[in-house]
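Chemist: I am sharing run_23.cif, which consists of mmCIF, C-alpha atoms and all ligand atoms:
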data_query
loop_
_atom_site.label_atom_id
_atom_site.label_comp_id
_atom_site.auth_asym_id
_atom_site.auth_seq_id
_atom_site.Cartn_x
_atom_site.Cartn_y
_atom_site.Cartn_z
CA MET A 1 114.76 62.62 81.20
CA THR A 2 115.79 58.99 80.73
CA THR A 3 118.82 57.23 82.21
CA ASN A 4 120.34 57.13 78.71
CA GLU A 5 120.25 60.91 78.53
CA ILE A 6 122.22 61.23 81.76
CA GLU A 7 125.80 60.20 81.33
CA ASN A 8 128.58 59.98 83.85
CA SER A 9 130.32 63.31 84.20
CA PRO A 10 134.09 63.34 84.27
CA ALA A 11 134.02 66.68 86.14
CA LYS A 12 132.47 65.23 89.35
CA ILE A 13 130.23 68.10 90.21
CA ILE A 14 128.67 67.65 93.64
CA CYS A 15 125.03 68.61 94.14
CA GLU A 16 124.93 71.72 96.34
CA ALA A 17 121.60 70.56 97.79
CA CYS A 18 122.01 66.87 98.67
CA GLY A 19 125.74 66.18 98.12
CA SER A 20 125.28 63.48 95.45
CA ALA A 21 127.55 63.34 92.39
CA MET A 22 125.79 65.20 89.58
CA LYS A 23 125.60 63.76 86.08
CA GLU A 24 125.94 65.46 82.75
CA TRP A 25 122.67 65.80 80.89
CA ASN A 26 123.05 66.63 77.23
CA ILE A 27 119.96 68.64 76.40
CA SER A 28 121.21 69.35 72.87
CA ALA A 29 124.31 68.76 70.74
CA GLU A 30 125.87 72.01 72.06
CA CYS A 31 124.51 72.17 75.57
CA ALA A 32 124.95 70.03 78.68
CA LEU A 33 123.61 70.70 82.16
CA PHE A 34 124.53 68.97 85.40
CA CYS A 35 121.62 67.14 86.98
CA CYS A 36 121.50 65.51 90.41
CA PRO A 37 120.19 61.93 90.14
CA GLU A 38 118.82 62.13 93.71
CA CYS A 39 117.06 65.50 94.04
CA LEU A 40 117.05 66.47 90.31
CA HIS A 41 118.65 69.85 91.13
CA ILE A 42 120.30 71.40 88.07
CA LYS A 43 123.54 73.36 87.77
CA ARG A 44 124.55 75.22 84.65
CA ASP A 45 128.10 75.97 83.55
CA ARG A 46 127.86 78.52 80.74
CA GLU A 47 131.09 77.12 79.25
CA ILE A 48 129.24 73.94 78.29
CA CYS A 49 125.72 75.35 78.13
CA ASN A 50 125.73 78.76 76.53
CA ALA A 51 122.26 78.08 75.06
CA GLN A 52 122.42 81.24 72.91
CA SER A 53 122.20 83.31 76.05
CA ARG A 54 121.83 87.05 75.72
CA GLU A 55 124.67 89.37 76.72
CA HIS A 56 122.80 91.11 79.51
CA ALA A 57 121.06 89.74 82.62
CA TRP A 58 118.03 91.97 81.92
CA GLY A 59 115.73 90.48 79.32
CA GLY A 60 112.27 90.87 80.76
CA ASP A 61 109.42 93.20 80.02
CA ALA A 62 108.07 95.95 82.30
CA PHE A 63 104.41 95.13 81.56
CA PHE A 64 104.74 91.42 82.41
CA ASP A 65 106.86 92.30 85.47
CA LYS A 66 103.97 94.50 86.69
CA ILE A 67 101.54 91.56 86.45
CA ARG A 68 103.99 89.43 88.44
CA ILE A 69 104.36 92.09 91.16
CA LEU A 70 100.58 92.53 91.53
CA ILE A 71 99.91 88.80 91.84
CA THR A 72 102.90 88.14 94.11
CA LEU A 73 101.81 90.97 96.45
CA LYS A 74 98.29 89.53 96.68
CA ARG A 75 99.75 86.08 97.43
CA LEU A 76 102.01 87.46 100.16
CA GLU A 77 99.29 89.60 101.76
CA LYS A 78 97.15 86.50 102.31
CA LYS A 79 100.00 84.76 104.11
CA LEU A 80 101.22 87.62 106.32
CA PRO A 81 99.83 88.95 109.63
CA SER A 82 97.97 92.27 109.27
CA LYS A 83 100.32 94.50 111.26
CA LYS A 84 103.31 96.70 110.52
CA LEU A 85 106.08 94.42 109.31
CA ASN A 86 109.80 94.62 108.62
CA VAL A 87 110.13 93.50 105.01
CA LEU A 88 113.39 92.74 103.19
CA GLU A 89 113.58 92.18 99.45
CA VAL A 90 116.83 90.71 98.15
CA GLY A 91 117.43 91.63 94.51
CA PHE A 92 114.86 94.45 94.53
CA GLY A 93 115.73 95.66 91.02
CA SER A 94 113.88 98.91 90.37
CA GLY A 95 112.17 98.58 93.77
CA LYS A 96 108.55 98.68 92.55
CA MET A 97 107.41 95.78 94.70
CA LEU A 98 109.24 97.08 97.75
CA ALA A 99 107.61 100.50 97.20
CA SER A 100 104.19 98.82 97.31
CA PHE A 101 105.03 97.41 100.76
CA LEU A 102 106.14 100.89 101.82
CA GLU A 103 102.85 102.40 100.66
CA LYS A 104 100.99 99.83 102.73
CA GLY A 105 102.79 101.18 105.82
CA HIS A 106 105.52 98.59 106.34
CA ASN A 107 109.20 99.22 107.12
CA VAL A 108 111.13 98.27 104.02
CA PHE A 109 114.71 97.14 103.46
CA GLY A 110 116.41 96.02 100.26
CA VAL A 111 119.60 94.50 98.92
CA GLU A 112 120.54 94.88 95.26
CA ALA A 113 123.63 93.71 93.37
CA GLU A 114 122.80 96.16 90.52
CA MET A 115 123.05 93.58 87.76
CA LEU A 116 120.04 95.01 85.94
CA GLU A 117 121.20 98.64 85.77
CA THR A 118 117.67 99.93 86.32
CA ARG A 119 116.62 103.17 88.03
CA ILE A 120 115.34 102.89 91.55
CA ASP A 121 111.75 103.84 92.34
CA GLU A 122 111.62 107.42 93.72
CA ARG A 123 109.22 106.37 96.49
CA LEU A 124 112.01 104.38 98.17
CA LYS A 125 114.45 107.28 98.48
CA ASN A 126 114.94 108.37 102.12
CA LYS A 127 112.25 105.94 103.29
CA ALA A 128 113.84 102.55 102.70
CA GLU A 129 117.09 101.12 104.05
CA LEU A 130 118.90 99.99 100.92
CA TYR A 131 122.16 98.07 100.66
CA PHE A 132 124.10 97.62 97.44
CA GLY A 133 126.31 94.62 96.73
CA LYS A 134 126.22 90.86 96.65
CA ILE A 135 124.02 89.41 99.38
CA GLU A 136 126.77 86.90 100.24
CA GLU A 137 129.01 89.84 101.22
CA ILE A 138 126.46 91.96 103.09
CA ASN A 139 125.90 91.71 106.84
CA LEU A 140 122.24 91.57 107.75
CA PRO A 141 120.89 92.35 111.24
CA GLU A 142 119.82 89.35 113.35
CA GLU A 143 116.16 88.49 114.06
CA LYS A 144 114.97 91.66 112.36
CA PHE A 145 112.60 90.72 109.54
CA ASP A 146 109.05 89.35 109.42
CA LEU A 147 109.41 88.66 105.71
CA ILE A 148 112.41 88.12 103.45
CA TYR A 149 111.63 87.55 99.79
CA GLY A 150 113.38 87.29 96.44
CA VAL A 151 111.67 87.24 93.06
CA HIS A 152 113.78 85.35 90.54
CA LEU A 153 116.87 85.71 92.68
CA ILE A 154 118.12 82.38 94.01
CA GLU A 155 118.91 80.94 90.57
CA HIS A 156 121.59 83.68 90.25
CA LEU A 157 123.37 83.41 93.62
CA GLU A 158 127.00 82.34 94.02
CA ASN A 159 126.33 80.62 97.32
CA PRO A 160 122.66 79.88 98.05
CA ALA A 161 123.46 77.78 101.16
CA LEU A 162 125.19 80.78 102.77
CA PHE A 163 122.29 83.03 101.71
CA PHE A 164 119.65 80.73 103.25
CA GLU A 165 121.65 80.62 106.51
CA LYS A 166 121.75 84.44 106.51
CA CYS A 167 118.00 84.55 105.94
CA PHE A 168 117.43 82.16 108.84
CA ARG A 169 119.50 84.33 111.21
CA SER A 170 117.86 87.56 110.04
CA LEU A 171 114.27 86.37 110.29
CA LYS A 172 112.32 86.94 113.46
CA LYS A 173 110.90 83.82 115.11
CA GLY A 174 107.81 82.92 113.08
CA GLY A 175 109.10 84.99 110.12
CA MET A 176 108.53 83.93 106.54
CA LEU A 177 110.79 83.38 103.54
CA TYR A 178 109.33 83.59 100.03
CA PHE A 179 110.96 82.92 96.65
CA LEU A 180 109.98 82.57 93.03
CA THR A 181 112.56 80.79 90.87
CA PRO A 182 112.66 78.72 87.66
CA ASN A 183 111.60 75.12 88.21
CA ALA A 184 114.17 72.48 87.19
CA ASP A 185 111.34 69.98 87.16
CA SER A 186 109.30 71.93 84.56
CA ALA A 187 108.33 69.97 81.48
CA GLY A 188 109.28 73.14 79.60
CA LEU A 189 112.98 72.33 79.98
CA LYS A 190 112.43 68.83 78.57
CA VAL A 191 110.28 70.13 75.70
CA PHE A 192 112.24 73.25 74.67
CA LYS A 193 115.66 71.95 75.84
CA ASP A 194 118.40 74.58 75.22
CA LYS A 195 115.75 76.93 73.78
CA TRP A 196 113.93 77.10 77.15
CA TRP A 197 113.73 80.83 77.82
CA ASN A 198 115.12 80.45 81.35
CA LEU A 199 118.45 79.53 79.74
CA GLU A 200 118.58 82.80 77.79
CA ASP A 201 119.68 84.64 80.93
CA PRO A 202 123.46 84.08 81.20
CA THR A 203 123.34 84.56 84.99
CA HIS A 204 120.91 81.67 85.60
CA ILE A 205 123.39 79.18 87.02
CA ARG A 206 121.08 76.72 88.78
CA PHE A 207 117.50 75.53 88.82
CA PHE A 208 115.86 74.18 91.97
CA THR A 209 113.38 71.35 92.25
CA PRO A 210 110.86 71.14 95.11
CA ARG A 211 113.14 68.50 96.67
CA SER A 212 116.41 70.46 96.36
CA ALA A 213 114.78 73.63 97.70
CA GLU A 214 113.40 71.74 100.69
CA ILE A 215 116.75 70.10 101.45
CA MET A 216 118.68 73.38 101.33
CA LEU A 217 116.17 75.40 103.35
CA LYS A 218 115.83 72.74 106.03
CA SER A 219 119.64 72.48 106.24
CA ALA A 220 119.69 76.23 106.93
CA GLY A 221 117.28 75.73 109.87
CA LEU A 222 113.98 76.67 108.22
CA GLN A 223 110.76 74.74 108.72
CA LYS A 224 107.37 74.21 107.10
CA VAL A 225 108.88 74.36 103.60
CA LYS A 226 106.12 74.41 101.00
CA THR A 227 106.62 74.47 97.25
CA SER A 228 104.11 74.82 94.46
CA VAL A 229 104.08 75.48 90.73
CA PRO A 230 102.12 78.67 90.03
CA LEU A 231 100.44 78.99 86.63
CA TRP A 232 100.58 82.80 86.67
CA ASP A 233 104.33 83.51 86.76
CA SER A 234 106.65 84.13 83.80
CA LEU A 235 103.69 84.10 81.43
CA THR A 236 105.80 84.56 78.31
CA VAL A 237 108.22 81.65 78.75
CA GLU A 238 106.54 79.27 76.28
CA VAL A 239 106.19 81.81 73.45
CA ASN A 240 109.69 83.21 74.06
CA SER A 241 111.11 79.68 74.02
CA LEU A 242 109.45 79.00 70.65
CA MET A 243 110.83 82.30 69.33
CA ARG A 244 114.34 81.20 70.31
CA PHE A 245 114.15 78.43 67.71
CA LEU A 246 114.01 81.18 65.06
CA LYS A 247 116.83 83.26 66.50
CA LYS A 248 120.36 82.89 65.15
CA ASP A 249 122.79 84.92 67.26
CA SER A 250 122.74 86.18 70.82
CA GLU A 251 121.55 89.75 71.21
CA LYS A 252 122.09 92.04 74.14
CA HIS A 253 118.56 91.77 75.49
CA GLY A 254 117.31 88.51 73.97
CA VAL A 255 114.05 87.68 72.21
CA LEU A 256 111.90 90.06 74.28
CA ASN A 257 113.86 92.94 72.78
CA SER A 258 111.63 92.57 69.73
CA LYS A 259 108.28 94.40 69.71
CA ALA A 260 106.84 91.70 67.45
CA VAL A 261 107.66 89.02 70.06
CA LYS A 262 106.05 91.14 72.80
CA LEU A 263 102.88 91.48 70.73
CA LEU A 264 102.90 87.77 70.00
CA ASP A 265 103.30 87.12 73.75
CA LEU A 266 100.17 89.18 74.44
CA PHE A 267 98.19 87.62 71.60
CA LEU A 268 99.08 84.03 72.47
CA LEU A 269 98.93 84.46 76.25
CA PRO A 270 95.36 83.05 76.61
CA PHE A 271 96.32 79.92 74.63
CA PHE A 272 99.41 79.22 76.67
CA LEU A 273 97.57 79.95 79.92
CA LEU A 274 95.01 77.36 78.85
CA LEU A 275 97.87 74.95 78.08
CA ARG A 276 99.19 75.48 81.63
CA ILE A 277 95.73 74.76 83.07
CA ILE A 278 95.48 71.53 81.05
CA TYR A 279 99.14 70.57 81.54
CA PRO A 280 100.44 72.35 84.70
CA LYS A 281 103.84 70.63 84.49
CA ILE A 282 104.81 72.92 81.59
CA SER A 283 104.69 75.94 83.99
CA PRO A 284 108.22 77.26 84.42
CA THR A 285 108.27 78.60 87.97
CA LEU A 286 108.60 77.25 91.48
CA GLU A 287 107.08 79.11 94.42
CA ILE A 288 108.88 78.40 97.69
CA ILE A 289 107.67 79.34 101.17
CA ALA A 290 109.47 78.54 104.42
CA HIS A 291 109.25 79.69 108.04
CA LYS A 292 111.49 80.14 111.03
CA ALA A 293 110.04 78.31 114.04
CA GLU A 294 108.13 80.41 116.63
ZN ZN B 301 120.87 66.64 94.77
#
If you convert what's in this file into structure tokens, what do you get?
Ligand SMILES: [Zn+2]
Modeler:
Amino acid sequence: MTTNEIENSPAKIICEACGSAMKEWNISAECALFCCPECLHIKRDREICNAQSREHAWGGDAFFDKIRILITLKRLEKKLPSKKLNVLEVGFGSGKMLASFLEKGHNVFGVEAEMLETRIDERLKNKAELYFGKIEEINLPEEKFDLIYGVHLIEHLENPALFFEKCFRSLKKGGMLYFLTPNADSAGLKVFKDKWWNLEDPTHIRFFTPRSAEIMLKSAGLQKVKTSVPLWDSLTVEVNSLMRFLKKDSEKHGVLNSKAVKLLDLFLLPFFLLLRIIYPKISPTLEIIAHKAE
């Protein structure tokens, strides 16, 4: 983004991460985002950036979600102590990932706002402590969890600062926080602009950068904040973004509702994976890890 592309915003939106005045960034003739000039955090107001979003929050694909769960679990296992843990997933969806933790012998807890209207995994019934509602409104026990994680959650929250404070209080000393979320700093947003697939979800209201995530998590009391850009997450974003150039009107479930697009995603996956290896900045996701001090 160049300085010319960022214009002074009359609305005076304050960056929720660093407190700077955000500026309007016109990514297309019909779509403007708010971008923080200091930490590059992005806020989206659907009124001025509809970006042909679909009607429904759910627009993924079960097969690609499975790949994400498998890889995320492997990543987490490497970083966690090998003992029985208390694990909380916020935004557990159908609960498949949480059920995998249960099968590995951990105590599992989940919070779900039920935006996706999916059925909950049978394995969790009677064995997991599940809470339904917005995380901002749910009371969590103090110093209870070894791990709190959210997969594509924090870009949807009404009040992420309050959520991070809750996480800090609910983690045990030495406990870990783990998130995957769209990366505001991805070259994909600059290349695909309002066609970037992460804008198809109408409930994506912010995108973090490594800097904004670090600022917010440290403000909530967390330490050792590490961010990285994984190549393996949201593998269909580039193809889906291209497909959005061909799409005219918003549909309930977006471009992935089409079988042809799913097939194209599979067929072109090796090419776009190679593109991510050559040009990692195009990767759309941010992985965030933080700890509560011992
Ligand atoms: Zn900022």
Chemist: Restricting the calculation to only C-alpha atoms and all ligand atoms, which member of A:Ile288, A:Ala213, A:Leu73, A:Leu180 is positioned closest to ligand ZN 301 (chain B)?
Modeler: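 Looking at the shortest contact to ligand ZN 301 (chain B), the residue is A:Ala213.
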Chemist: Counting only C-alpha atoms and all ligand atoms, name the residues that have an atom within 12 Å of an atom of ligand ZN 301 (chain B); the answer should be given as an MDAnalysis selection string.
Modeler: chainID A and resid 13:23 34:43 184 206:216
Chemist: Determine the nearest neighbour of Glu136 in chain A from the options A:Lys259, A:His156, A:Lys247, A:Lys195, counting all atoms listed in the file.
Modeler: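 Between A:Lys259, A:His156, A:Lys247, A:Lys195, the residue approaching Glu136 in chain A most closely is A:His156.
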Chemist: Of the residues A:Ala62, A:Leu235, A:Leu85, A:Leu199, which is the one nearest to Phe271 in chain A, using all atoms listed in the file?
Modeler: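 Of A:Ala62, A:Leu235, A:Leu85, A:Leu199, the one nearest Phe271 in chain A is A:Leu235, counting all atoms listed in the file.
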Chemist: For each of A:Ala128, A:Leu98, A:Ile67, A:Ile138, take the minimum atom-to-atom distance to Asp233 in chain A, counting only C-alpha atoms, then give the residue where this is smallest.
Modeler: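 Of the candidates, the smallest distance to Asp233 in chain A is held by A:Ile67.
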Chemist: Have a look at CA of Val261 in chain A and CA of Asp61 in chain A and let me know their distance in Å, one decimal.
Modeler: 10.9 Å
Chemist: Go through A:Tyr131, A:Phe145, A:Phe101, A:Trp232 one by one, measure the shortest atom-to-atom distance of each to Pro270 in chain A using all atoms listed in the file, and give the residue with the smallest value.
Modeler: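 Between A:Tyr131, A:Phe145, A:Phe101, A:Trp232, the residue approaching Pro270 in chain A most closely is A:Trp232.
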Chemist: Excluding same-chain residues fewer than 4 positions from Leu275 in chain A, what lies within 12 Å of it counting only C-alpha atoms, as a PyMOL selection string?
Modeler: chain A and resi 188+231-232+235+238-239+268-271+279-283
Chemist: Can you measure CA of Lys84 in chain A to CA of Lys172 in chain A for me? One decimal in Å is fine.
Modeler: 13.6 Å
